[in-house]
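K.L.:
My file is upload28.tsv. It has TSV, C-alpha atoms:
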```
chain	number	residue	atom	x	y	z
A	208	MET	CA	-9.84	-88.14	-57.79
A	209	THR	CA	-9.98	-84.38	-58.00
A	210	ALA	CA	-10.70	-82.29	-61.06
A	211	ARG	CA	-7.74	-80.80	-62.86
A	212	ASP	CA	-9.17	-77.31	-62.52
A	213	TYR	CA	-10.13	-77.60	-58.86
A	214	LEU	CA	-8.55	-74.73	-56.93
A	215	ALA	CA	-8.44	-74.59	-53.14
A	216	PRO	CA	-6.33	-71.60	-52.05
A	217	LEU	CA	-4.23	-72.19	-48.97
A	218	SER	CA	-2.71	-69.46	-46.86
A	219	ALA	CA	-0.38	-70.01	-43.96
A	220	ARG	CA	1.88	-68.15	-41.59
A	221	ILE	CA	5.28	-69.77	-41.19
A	222	HIS	CA	7.79	-68.95	-38.51
A	223	LEU	CA	11.37	-70.15	-38.35
A	224	VAL	CA	13.80	-69.42	-35.55
A	225	SER	CA	17.40	-70.52	-35.84
A	226	ARG	CA	18.63	-72.64	-32.95
A	227	HIS	CA	22.27	-71.61	-33.08
A	228	GLN	CA	23.76	-69.66	-35.97
A	229	ARG	CA	21.72	-67.07	-37.80
A	230	PHE	CA	20.23	-67.72	-41.22
A	231	HIS	CA	22.98	-66.54	-43.55
A	232	ASP	CA	20.64	-65.77	-46.45
A	233	PRO	CA	16.94	-65.84	-45.44
A	234	ALA	CA	15.74	-65.08	-48.98
A	235	ARG	CA	17.58	-68.08	-50.34
A	236	LEU	CA	15.92	-70.23	-47.70
A	237	VAL	CA	12.51	-68.91	-48.80
A	238	ASP	CA	13.35	-69.47	-52.47
A	239	ALA	CA	14.21	-73.07	-51.72
A	240	LEU	CA	11.09	-73.55	-49.61
A	241	LEU	CA	8.77	-72.32	-52.36
A	242	GLU	CA	10.46	-74.54	-54.90
A	243	ASP	CA	10.21	-77.52	-52.56
A	244	ILE	CA	6.49	-76.88	-52.02
A	245	ALA	CA	6.03	-76.70	-55.79
A	246	ARG	CA	7.84	-79.97	-56.36
A	247	ARG	CA	5.95	-81.71	-53.58
A	248	THR	CA	2.52	-80.55	-54.70
A	249	LEU	CA	3.22	-81.69	-58.25
A	250	ALA	CA	4.48	-85.02	-56.91
A	251	ALA	CA	1.30	-85.30	-54.84
A	252	GLY	CA	-0.79	-85.03	-58.01
A	253	ALA	CA	-1.40	-81.34	-58.61
A	254	SER	CA	-2.43	-80.83	-62.22
A	255	MET	CA	-0.76	-77.44	-62.42
A	256	LEU	CA	0.91	-74.78	-60.33
A	257	GLY	CA	-1.16	-71.64	-60.10
A	258	HIS	CA	0.96	-69.35	-58.00
A	259	ILE	CA	3.03	-69.91	-54.88
A	260	LYS	CA	3.97	-66.59	-53.34
A	261	CYS	CA	4.82	-64.99	-50.04
A	262	LEU	CA	5.79	-61.91	-48.14
A	263	ALA	CA	8.67	-62.59	-45.79
A	264	ALA	CA	10.08	-60.52	-42.95
A	265	THR	CA	13.22	-61.01	-40.90
A	266	ASP	CA	14.05	-59.81	-37.40
A	267	THR	CA	16.83	-57.69	-38.90
A	268	GLY	CA	14.45	-55.58	-40.97
A	269	GLY	CA	14.43	-57.48	-44.22
A	270	ARG	CA	11.09	-57.62	-46.05
A	271	PHE	CA	10.79	-59.23	-49.42
A	272	TYR	CA	8.37	-60.84	-51.83
A	273	ALA	CA	8.93	-64.21	-53.44
A	274	SER	CA	6.91	-65.68	-56.29
A	275	LEU	CA	6.95	-68.98	-58.12
A	276	THR	CA	4.77	-70.12	-60.98
A	277	ASP	CA	6.97	-72.65	-62.68
A	278	THR	CA	9.72	-74.93	-61.42
A	279	ARG	CA	11.65	-74.28	-64.63
A	280	THR	CA	11.83	-70.52	-64.21
A	281	GLY	CA	12.16	-70.81	-60.43
A	282	THR	CA	11.46	-68.31	-57.69
A	283	ARG	CA	11.57	-64.58	-58.32
A	284	THR	CA	12.34	-62.37	-55.36
A	285	ALA	CA	11.90	-58.61	-54.95
A	286	GLY	CA	12.38	-56.20	-52.10
A	287	ASP	CA	14.89	-55.93	-49.31
A	288	ARG	CA	16.26	-59.42	-48.85
A	289	GLY	CA	17.89	-58.34	-45.62
A	290	GLY	CA	21.06	-59.70	-44.11
A	291	PRO	CA	21.66	-62.64	-41.80
A	292	SER	CA	18.87	-63.05	-39.28
A	293	SER	CA	17.68	-65.30	-36.49
A	294	GLU	CA	13.94	-65.20	-37.17
A	295	LEU	CA	11.95	-65.41	-40.33
A	296	THR	CA	8.19	-64.92	-40.70
A	297	VAL	CA	6.53	-65.86	-43.97
A	298	GLU	CA	2.97	-65.11	-45.08
A	299	LEU	CA	2.42	-67.77	-47.71
A	300	VAL	CA	-0.25	-68.36	-50.31
A	301	VAL	CA	-0.33	-71.58	-52.28
A	302	LEU	CA	-2.58	-71.75	-55.34
A	303	VAL	CA	-2.27	-75.11	-57.05
A	304	TYR	CA	-4.80	-76.99	-59.11
A	305	GLY	CA	-6.15	-80.45	-58.54
A	306	LEU	CA	-5.37	-80.96	-54.86
A	307	GLU	CA	-7.55	-80.82	-51.76
A	308	ARG	CA	-6.69	-78.06	-49.33
A	309	SER	CA	-5.85	-80.55	-46.58
A	310	LEU	CA	-3.30	-82.24	-48.80
A	311	ILE	CA	-1.75	-78.90	-49.74
A	312	ALA	CA	-1.53	-77.98	-46.05
A	313	GLU	CA	0.10	-81.31	-45.28
A	314	THR	CA	2.59	-80.71	-48.06
A	315	VAL	CA	3.45	-77.25	-46.77
A	316	VAL	CA	3.96	-78.53	-43.24
A	317	THR	CA	6.25	-81.29	-44.47
A	318	ALA	CA	8.28	-78.87	-46.59
A	319	VAL	CA	8.66	-76.40	-43.72
A	320	ARG	CA	9.63	-79.15	-41.31
A	321	ASP	CA	12.33	-80.38	-43.67
A	322	ALA	CA	13.57	-76.85	-44.27
A	323	ALA	CA	13.77	-76.37	-40.52
A	324	VAL	CA	15.75	-79.55	-40.08
A	325	GLN	CA	18.19	-78.52	-42.82
A	326	SER	CA	18.61	-75.04	-41.37
A	327	ASN	CA	18.68	-76.25	-37.76
A	328	SER	CA	15.76	-74.11	-36.71
A	329	ARG	CA	12.55	-74.28	-34.77
A	330	TRP	CA	9.41	-73.96	-36.82
A	331	SER	CA	5.67	-73.39	-36.78
A	332	VAL	CA	3.03	-73.36	-39.48
A	333	LYS	CA	-0.40	-71.91	-38.98
A	334	PRO	CA	-2.68	-72.59	-41.94
A	335	GLY	CA	-5.18	-69.82	-42.52
A	336	THR	CA	-8.14	-72.09	-42.89
A	337	ALA	CA	-7.49	-74.35	-39.95
A	338	ASN	CA	-8.02	-73.79	-36.26
A	339	HIS	CA	-4.84	-75.50	-35.20
A	340	SER	CA	-1.11	-75.12	-35.72
A	341	HIS	CA	1.75	-77.44	-36.49
A	342	SER	CA	5.16	-77.03	-34.95
A	343	ASP	CA	8.09	-78.85	-33.41
A	344	SER	CA	6.90	-77.93	-29.91
A	345	PHE	CA	7.90	-74.31	-30.35
A	346	ASN	CA	4.79	-72.17	-30.33
A	347	PHE	CA	5.65	-68.80	-31.74
A	348	TYR	CA	2.26	-67.36	-30.98
A	349	THR	CA	2.42	-68.31	-27.32
A	350	ASP	CA	6.01	-67.21	-26.92
A	351	ARG	CA	5.31	-63.79	-28.32
A	352	THR	CA	2.51	-62.96	-25.91
B	828	MET	CA	-12.02	-41.04	-62.59
B	829	GLU	CA	-10.56	-43.59	-64.93
B	830	ILE	CA	-10.43	-47.28	-64.25
B	831	LEU	CA	-7.65	-49.51	-65.45
B	832	LEU	CA	-8.43	-53.17	-64.96
B	833	PHE	CA	-5.57	-55.65	-65.00
B	834	SER	CA	-6.45	-59.21	-65.78
B	835	GLY	CA	-4.34	-62.27	-66.48
B	836	PHE	CA	-3.70	-65.68	-65.06
B	837	LEU	CA	-2.04	-66.28	-61.71
B	838	GLY	CA	1.57	-65.16	-61.70
B	839	SER	CA	1.47	-63.45	-65.09
B	840	GLY	CA	3.10	-60.26	-63.77
B	841	LYS	CA	0.11	-58.06	-62.96
B	842	THR	CA	1.38	-56.81	-59.60
B	843	THR	CA	4.83	-55.99	-60.94
B	844	LEU	CA	3.41	-54.01	-63.84
B	845	ILE	CA	0.85	-52.22	-61.66
B	846	LEU	CA	3.56	-51.17	-59.23
B	847	ALA	CA	5.57	-49.60	-62.02
B	848	LEU	CA	2.53	-47.97	-63.60
B	849	ALA	CA	1.28	-46.50	-60.34
B	850	ARG	CA	4.70	-45.08	-59.59
B	851	ARG	CA	4.72	-43.44	-63.00
B	852	VAL	CA	1.28	-41.98	-62.35
B	853	SER	CA	2.54	-40.61	-59.07
B	854	GLU	CA	5.54	-39.02	-60.80
B	855	LEU	CA	3.08	-37.20	-63.04
B	856	HIS	CA	1.37	-35.81	-59.94
B	857	ARG	CA	-1.80	-37.75	-60.57
B	858	SER	CA	-3.57	-39.61	-57.81
B	859	ALA	CA	-4.10	-43.33	-58.02
B	860	CYS	CA	-5.63	-46.00	-55.82
B	861	VAL	CA	-5.24	-49.71	-56.30
B	862	ILE	CA	-7.86	-52.33	-55.56
B	863	VAL	CA	-6.39	-55.80	-55.30
B	864	ASN	CA	-8.43	-58.94	-55.48
B	865	GLU	CA	-7.01	-62.30	-54.48
B	866	VAL	CA	-8.73	-65.62	-54.16
B	867	GLY	CA	-6.64	-66.51	-51.13
B	868	GLU	CA	-7.41	-65.37	-47.60
B	869	ILE	CA	-4.48	-63.01	-47.38
B	870	SER	CA	-3.31	-60.49	-49.91
B	871	ILE	CA	0.33	-60.93	-50.79
B	872	ASP	CA	0.00	-58.58	-53.77
B	873	GLY	CA	-1.65	-55.94	-51.61
B	874	GLY	CA	1.33	-56.09	-49.28
B	875	VAL	CA	3.76	-55.66	-52.15
B	876	LEU	CA	1.86	-52.68	-53.55
B	877	ALA	CA	1.46	-51.08	-50.13
B	878	ASP	CA	5.20	-51.51	-49.55
B	879	GLY	CA	5.60	-49.56	-52.79
B	880	GLY	CA	3.83	-46.62	-51.20
B	881	LEU	CA	0.47	-47.02	-52.90
B	882	GLU	CA	-3.02	-46.59	-51.49
B	883	VAL	CA	-4.29	-50.14	-51.59
B	884	TYR	CA	-7.66	-51.72	-50.94
B	885	GLU	CA	-7.74	-55.47	-50.62
B	886	LEU	CA	-10.57	-57.80	-51.55
B	887	CYS	CA	-9.63	-61.30	-50.47
B	888	ALA	CA	-11.06	-64.81	-50.24
B	889	GLY	CA	-13.16	-64.59	-53.36
B	890	CYS	CA	-13.20	-63.56	-56.98
B	891	ILE	CA	-14.63	-60.20	-58.03
B	892	CYS	CA	-15.90	-61.54	-61.33
B	893	CYS	CA	-18.23	-64.13	-59.81
B	894	GLN	CA	-18.26	-64.08	-56.00
B	895	ILE	CA	-17.62	-60.68	-54.48
B	896	GLY	CA	-18.49	-58.24	-57.25
B	897	VAL	CA	-20.67	-56.32	-54.82
B	898	ASP	CA	-17.63	-55.77	-52.60
B	899	LEU	CA	-15.81	-54.30	-55.57
B	900	VAL	CA	-18.60	-51.80	-56.17
B	901	ARG	CA	-18.72	-50.84	-52.50
B	902	THR	CA	-14.96	-50.39	-52.47
B	903	LEU	CA	-15.06	-48.22	-55.58
B	904	GLU	CA	-17.71	-46.06	-53.98
B	905	GLU	CA	-15.55	-45.65	-50.91
B	906	VAL	CA	-12.47	-44.85	-52.96
B	907	GLU	CA	-14.37	-42.28	-54.99
B	908	SER	CA	-15.88	-40.56	-51.97
B	909	ARG	CA	-12.67	-40.50	-49.91
B	910	TYR	CA	-9.98	-39.78	-52.48
B	911	HIS	CA	-11.50	-38.70	-55.80
B	912	PRO	CA	-8.49	-40.26	-57.54
B	913	ASP	CA	-7.61	-39.60	-61.15
B	914	LEU	CA	-7.08	-43.29	-61.66
B	915	VAL	CA	-8.23	-46.48	-60.01
B	916	ILE	CA	-6.22	-49.56	-60.87
B	917	ILE	CA	-7.98	-52.85	-60.25
B	918	GLU	CA	-5.92	-56.00	-60.07
B	919	ALA	CA	-8.32	-58.83	-60.74
B	920	SER	CA	-7.60	-62.23	-59.30
B	921	GLY	CA	-5.78	-64.54	-61.64
B	922	VAL	CA	-8.92	-66.62	-62.08
B	923	ALA	CA	-11.21	-63.73	-63.01
B	924	THR	CA	-12.63	-63.07	-66.44
B	925	PRO	CA	-12.60	-59.43	-67.54
B	926	GLY	CA	-16.23	-59.71	-68.63
B	927	GLY	CA	-17.30	-60.72	-65.15
B	928	VAL	CA	-15.49	-57.80	-63.57
B	929	LEU	CA	-16.87	-55.37	-66.15
B	930	ALA	CA	-20.36	-56.68	-65.39
B	931	ALA	CA	-19.80	-55.94	-61.71
B	932	LEU	CA	-18.48	-52.48	-62.59
B	933	SER	CA	-21.74	-51.70	-64.38
B	934	TYR	CA	-23.34	-51.39	-60.93
B	935	PHE	CA	-20.95	-48.60	-59.96
B	936	GLU	CA	-23.18	-45.55	-60.18
B	937	ALA	CA	-20.51	-42.86	-60.36
B	938	ALA	CA	-19.68	-43.82	-63.91
B	939	PRO	CA	-15.95	-43.63	-64.63
B	940	THR	CA	-14.79	-41.54	-67.55
B	941	SER	CA	-13.24	-44.64	-69.06
B	942	VAL	CA	-12.55	-48.26	-68.34
B	943	CYS	CA	-9.67	-50.05	-70.00
B	944	CYS	CA	-8.93	-53.72	-69.48
B	945	VAL	CA	-5.35	-54.89	-69.89
B	946	SER	CA	-4.76	-58.64	-69.89
B	947	LEU	CA	-1.36	-60.18	-69.32
B	948	VAL	CA	-0.32	-63.38	-71.03
B	949	ASP	CA	2.60	-65.42	-69.67
B	950	PRO	CA	4.22	-67.25	-72.60
B	951	THR	CA	6.17	-69.58	-70.32
B	952	ARG	CA	2.97	-71.27	-69.20
B	953	LEU	CA	0.49	-70.61	-71.98
B	954	SER	CA	0.66	-74.08	-73.45
B	955	ALA	CA	-0.07	-75.72	-70.09
B	956	LEU	CA	-2.78	-73.21	-69.30
B	957	LEU	CA	-4.55	-73.78	-72.57
B	958	ASP	CA	-4.52	-77.47	-71.78
B	959	VAL	CA	-5.99	-77.16	-68.28
B	960	MET	CA	-7.73	-73.76	-68.18
B	961	GLN	CA	-8.60	-73.01	-71.80
B	962	PRO	CA	-11.96	-71.21	-71.35
B	963	LEU	CA	-10.60	-68.90	-68.66
B	964	VAL	CA	-7.38	-68.04	-70.43
B	965	GLU	CA	-9.14	-67.45	-73.74
B	966	SER	CA	-11.67	-65.17	-72.04
B	967	GLN	CA	-8.89	-63.14	-70.50
B	968	VAL	CA	-7.43	-62.55	-73.96
B	969	ARG	CA	-10.67	-62.10	-75.90
B	970	GLU	CA	-12.26	-59.66	-73.45
B	971	ALA	CA	-9.27	-57.34	-73.09
B	972	ASP	CA	-8.88	-53.88	-74.61
B	973	GLU	CA	-5.14	-54.29	-74.58
B	974	ILE	CA	-2.83	-57.28	-74.18
B	975	VAL	CA	0.61	-57.53	-72.66
B	976	ILE	CA	2.69	-60.58	-73.43
B	977	SER	CA	4.83	-60.64	-70.30
B	978	LYS	CA	7.93	-62.45	-69.13
B	979	ILE	CA	9.53	-62.41	-72.55
B	980	ASP	CA	12.90	-62.61	-70.80
B	981	ALA	CA	12.05	-66.06	-69.44
B	982	SER	CA	10.35	-67.37	-72.58
B	983	THR	CA	11.80	-69.60	-75.25
B	984	ALA	CA	11.38	-68.70	-78.91
B	985	ASP	CA	8.75	-71.41	-79.29
B	986	GLU	CA	6.79	-70.13	-76.29
B	987	LEU	CA	6.79	-66.61	-77.69
B	988	THR	CA	5.66	-67.85	-81.08
B	989	LEU	CA	2.80	-69.76	-79.46
B	990	ALA	CA	1.76	-66.74	-77.41
B	991	ARG	CA	1.78	-64.45	-80.43
B	992	ALA	CA	-0.23	-66.95	-82.45
B	993	ALA	CA	-2.79	-67.42	-79.67
B	994	VAL	CA	-3.26	-63.69	-79.21
B	995	THR	CA	-3.59	-63.16	-82.95
B	996	ARG	CA	-6.18	-65.94	-83.15
B	997	LEU	CA	-8.23	-64.83	-80.15
B	998	ALA	CA	-7.92	-61.05	-80.38
B	999	PRO	CA	-6.62	-60.11	-83.82
B	1000	THR	CA	-7.32	-56.39	-83.57
B	1001	THR	CA	-6.40	-55.80	-79.94
B	1002	PRO	CA	-3.27	-53.68	-79.33
B	1003	THR	CA	-0.57	-55.99	-78.02
B	1004	TRP	CA	2.71	-55.29	-76.25
B	1005	GLU	CA	5.58	-57.54	-75.37
B	1006	LEU	CA	7.73	-56.82	-72.35
B	1007	ASP	CA	9.78	-58.12	-69.49
B	1008	VAL	CA	7.83	-56.96	-66.46
B	1009	THR	CA	10.90	-57.22	-64.26
B	1010	ASP	CA	12.96	-54.89	-66.44
B	1011	PRO	CA	12.35	-51.24	-65.49
B	1012	ALA	CA	13.41	-50.01	-68.94
B	1013	SER	CA	11.03	-52.38	-70.68
B	1014	VAL	CA	8.14	-51.37	-68.44
B	1015	GLU	CA	8.95	-47.69	-68.84
B	1016	THR	CA	8.85	-48.02	-72.61
B	1017	TYR	CA	5.47	-49.73	-72.39
B	1018	ILE	CA	4.00	-47.11	-70.09
B	1019	ASN	CA	5.21	-44.22	-72.21
B	1020	ARG	CA	3.95	-45.76	-75.43
B	1021	ARG	CA	0.59	-46.83	-74.14
B	1022	ALA	CA	-0.07	-43.45	-72.60
B	1023	SER	CA	-0.40	-41.99	-76.06
B	1024	ILE	CA	-3.05	-44.41	-77.25
B	1025	ALA	CA	-5.09	-45.64	-74.35
B	1026	SER	CA	-7.18	-44.37	-71.52
B	1027	LEU	CA	-4.27	-42.64	-69.83
B	1028	ALA	CA	-3.64	-40.34	-72.76
B	1029	ASP	CA	-3.95	-37.28	-70.60
B	1030	LEU	CA	-1.07	-38.40	-68.44
B	1031	THR	CA	1.21	-36.57	-70.83
B	1032	GLU	CA	-0.62	-33.32	-70.14
B	1033	GLU	CA	0.20	-30.90	-67.39
B	1034	PRO	CA	-0.82	-32.14	-63.97
B	1035	ARG	CA	-3.82	-30.60	-62.32
```
Would you kindly transcribe this structure into structure tokens?
P.N.:
Amino acid sequence: MTARDYLAPLSARIHLVSRHQRFHDPARLVDALLEDIARRTLAAGASMLGHIKCLAATDTGGRFYASLTDTRTGTRTAGDRGGPSSELTVELVVLVYGLERSLIAETVVTAVRDAAVQSNSRWSVKPGTANHSHSDSFNFYTDRT
Amino acid sequence: MEILLFSGFLGSGKTTLILALARRVSELHRSACVIVNEVGEISIDGGVLADGGLEVYELCAGCICCQIGVDLVRTLEEVESRYHPDLVIIEASGVATPGGVLAALSYFEAAPTSVCCVSLVDPTRLSALLDVMQPLVESQVREADEIVISKIDASTADELTLARAAVTRLAPTTPTWELDVTDPASVETYINRRASIASLADLTEEPR
């Protein structure tokens, strides 16, 4: 049982690459991902959302900021949302109360994996506090070198 | 050099307001640097502010009110020696108390001409925050020189009433503003009004 005011910040780099068609609206995908992470962390027992936010960049030059503090008010996005793109990189920070970092990381990985399935894309998640990555066999970091 | 410290719980609108304020300062041909503190390992807010064309210093993976106050002082010293800015804006982490940051600032030897602490209150979440994080949230209100009730566009009438009542109870004499931090007109009105009463009064004067 964790304290309600226990805060373990989690940062992660997420990479999504579409398998076939480009992402029609990358910002909408990010909005949905943040909201899914929020719902999942609350379902996992988080006492409160602190702030779930990210900077996202697309391979077509889009760069935008997305922020969520409340599932009722939803995600707010600012910046250049960009057009359709094939790759999406997201620097994510998840600040939620009452959950261990490992559980938050697990939640993020599950949410990204599901988002990737829905958008028919390859994915990777590299949590900032861990020395390993999760992916569906596509290793962005290896491929880029 | 003046210091404007922005406090307020996570997601209360600090970065959005700072971005607008710093742009306004720039329009007035004054120099400003921003120091951003985040408890996470990477600075999302720093990225947003840097994208906005601001000179940004990032202090991550700790809180300047209780963990990395010494880093704040070192950063201020560097900012002062390199840029001599008219204004330094500090964005405290959402879990910082203004008093803790002000205590850290007392170790900054090149005393600023003024320090003003602005705390943001998000009405949409105040009830939940007072339930879970009461001491922190109350400190952020009590220890401020000025309060901004933000996100009024997303608040219900009941949430606004609660926020006003809480601020009145905790800080009855503190100047308080209400605005939608995502509305440029609302933010502009705030900046122009506050410039006449607070530490940025000289912003209305001719630039140096």
K.L.:
Would you pick out the contacts of stretch 938-947 of chain B at 10 Å or less, using all atoms listed in the file, so that residues sharing its chain but fewer than 6 positions from it are not included, and give the list as an MDAnalysis selection string?
P.N.:
chainID B and resid 828:841 844 907 913:919 921 924:926 928:929 932 964 966:978 1002:1005 1025:1027
K.L.:
Quick check, in Å to one decimal: how far apart do atom CA of B:Gly927 and atom CA of B:Tyr1017 lie?
P.N.:
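It comes out at 26.3 Å.
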K.L.:
Restricting the calculation to all atoms listed in the file, which member of B:Ser1013, B:Asn1019, B:Thr951, B:Thr995 is positioned closest to chain A?
P.N.:
B:Thr951
K.L.:
Please build the interface table for chain B against chain A with a cut-off of 9 Å, listing for each qualifying residue the nearest atom pair and the distance in Å to one decimal; count all atoms listed in the file, order rows by chain and increasing number, and write it as a tab-separated table.
P.N.:
```
residue	atom	partner	partner_atom	distance
B:Phe836	CA	A:Gly257	CA	8.2
B:Leu837	CA	A:Gly257	CA	5.7
B:Gly838	CA	A:His258	CA	5.6
B:Ser839	CA	A:Thr276	CA	8.5
B:Val866	CA	A:Pro216	CA	6.8
B:Gly867	CA	A:Pro216	CA	5.2
B:Glu868	CA	A:Ser218	CA	6.3
B:Ile869	CA	A:Ser218	CA	6.7
B:Ser870	CA	A:Val300	CA	8.5
B:Ile871	CA	A:Cys261	CA	6.1
B:Asp872	CA	A:Leu262	CA	8.7
B:Gly874	CA	A:Leu262	CA	7.4
B:Val875	CA	A:Tyr272	CA	6.9
B:Asp878	CA	A:Gly286	CA	8.9
B:Ala888	CA	A:Pro216	CA	8.5
B:Gly921	CA	A:Gly257	CA	8.6
B:Thr951	CA	A:Asp277	CA	8.3
B:Arg952	CA	A:Asp277	CA	7.8
B:Ala955	CA	A:Met255	CA	7.9
B:Leu956	CA	A:Met255	CA	8.3
B:Val959	CA	A:Asp212	CA	6.6
B:Met960	CA	A:Asp212	CA	6.8
B:Ala981	CA	A:Thr280	CA	6.9
```
K.L.:
Produce a file of the selected residues containing C-alpha atoms, as a compact mmCIF listing (two decimals), in the coordinates of the input.
P.N.:
```txt
# COMPACT_ATOMS: atom_id res chain seq x y z
CA PHE B 836 -3.70 -65.68 -65.06
CA LEU B 837 -2.04 -66.28 -61.71
CA GLY B 838 1.57 -65.16 -61.70
CA SER B 839 1.47 -63.45 -65.09
CA VAL B 866 -8.73 -65.62 -54.16
CA GLY B 867 -6.64 -66.51 -51.13
CA GLU B 868 -7.41 -65.37 -47.60
CA ILE B 869 -4.48 -63.01 -47.38
CA SER B 870 -3.31 -60.49 -49.91
CA ILE B 871 0.33 -60.93 -50.79
CA ASP B 872 0.00 -58.58 -53.77
CA GLY B 874 1.33 -56.09 -49.28
CA VAL B 875 3.76 -55.66 -52.15
CA ASP B 878 5.20 -51.51 -49.55
CA ALA B 888 -11.06 -64.81 -50.24
CA GLY B 921 -5.78 -64.54 -61.64
CA THR B 951 6.17 -69.58 -70.32
CA ARG B 952 2.97 -71.27 -69.20
CA ALA B 955 -0.07 -75.72 -70.09
CA LEU B 956 -2.78 -73.21 -69.30
CA VAL B 959 -5.99 -77.16 -68.28
CA MET B 960 -7.73 -73.76 -68.18
CA ALA B 981 12.05 -66.06 -69.44
```
K.L.:
Using all atoms listed in the file, which of A:Asp287, A:Ile221, A:Leu241, A:Glu294 sits nearest A:Ser328?
P.N.:
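Under the stated criterion, the closest residue is A:Glu294.
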K.L.:
Between atom CA of B:Ile979 and atom CA of B:Ala993, what is the distance, to one decimal in Å?
P.N.:
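So the two atoms, atom CA of B:Ile979 and atom CA of B:Ala993, lie 15.1 Å apart.
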K.L.:
Given the point (9.4, -74.0, -54.5) in the coordinates of this file, which residues lie within 8 Å, counting only C-alpha atoms, and how would they look as a PDB file with C-alpha atoms, keeping the file's coordinate frame?
P.N.:
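Listed below is the output, part_34.pdb:
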```
ATOM      1  CA  ASP A 238      13.350 -69.470 -52.470  1.00  0.00           C
ATOM      2  CA  ALA A 239      14.210 -73.070 -51.720  1.00  0.00           C
ATOM      3  CA  LEU A 240      11.090 -73.550 -49.610  1.00  0.00           C
ATOM      4  CA  LEU A 241       8.770 -72.320 -52.360  1.00  0.00           C
ATOM      5  CA  GLU A 242      10.460 -74.540 -54.900  1.00  0.00           C
ATOM      6  CA  ASP A 243      10.210 -77.520 -52.560  1.00  0.00           C
ATOM      7  CA  ILE A 244       6.490 -76.880 -52.020  1.00  0.00           C
ATOM      8  CA  ALA A 245       6.030 -76.700 -55.790  1.00  0.00           C
ATOM      9  CA  ARG A 246       7.840 -79.970 -56.360  1.00  0.00           C
ATOM     10  CA  ILE A 259       3.030 -69.910 -54.880  1.00  0.00           C
ATOM     11  CA  LEU A 275       6.950 -68.980 -58.120  1.00  0.00           C
ATOM     12  CA  THR A 278       9.720 -74.930 -61.420  1.00  0.00           C
ATOM     13  CA  GLY A 281      12.160 -70.810 -60.430  1.00  0.00           C
ATOM     14  CA  THR A 282      11.460 -68.310 -57.690  1.00  0.00           C
TER      15      THR A 282
END
```
K.L.:
Please work out which residues fall within 10 Å of (7.2, -83.9, -49.7), coordinates as given in the file, with only C-alpha atoms counting, and return them as number ranges by chain.
P.N.:
A: 243-251, 313-321
K.L.:
By how many Å are atom CA of B:Leu997 and atom CA of B:Glu965 apart?
P.N.:
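Atom CA of B:Leu997 sits 7.0 Å away from atom CA of B:Glu965.
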K.L.:
Between A:Thr284, A:Gln325, A:Thr265, A:Ser292, which one has atoms that come closest to A:His231, using only C-alpha atoms?
P.N.:
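Looking at the shortest contact to A:His231, the residue is A:Ser292.
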K.L.:
Which residue, A:His227, A:Arg329, A:His222, A:Arg235, has the smallest gap to A:Val297 when you use only C-alpha atoms?
P.N.:
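The shortest atom-to-atom distance to A:Val297 comes from A:His222.
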K.L.:
Just need the box for stretch 897-903 of chain B, edges along x, y and z, holding every atom the file lists for it with 3 Å tacked onto each side, so centre and edge lengths in Å to one decimal, as AutoDock Vina command-line options.
P.N.:
```
--center_x -17.8 --center_y -52.3 --center_z -54.3 --size_x 11.7 --size_y 14.1 --size_z 9.7
```
K.L.:
Rank nothing, just name the residue among B:Val922, B:Ala877, B:Pro912, B:Glu882 nearest to B:His856, using only C-alpha atoms.
P.N.:
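Closest residue, counting only C-alpha atoms: B:Pro912.
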K.L.:
If we count all atoms listed in the file and set the cut-off at 8 Å, which residues sit around B:Val900, ignoring sequence neighbours fewer than 6 positions away in its own chain? Please answer as a PyMOL selection string.
P.N.:
chain B and resi 931-932+934-935
K.L.:
Once you have the residues from the selection above, write them out as a PDB file, in the coordinates of the input, restricted to C-alpha atoms.
P.N.:
```pdb
ATOM      1  CA  ALA B 931     -19.800 -55.940 -61.710  1.00  0.00           C
ATOM      2  CA  LEU B 932     -18.480 -52.480 -62.590  1.00  0.00           C
ATOM      3  CA  TYR B 934     -23.340 -51.390 -60.930  1.00  0.00           C
ATOM      4  CA  PHE B 935     -20.950 -48.600 -59.960  1.00  0.00           C
TER       5      PHE B 935
END
```
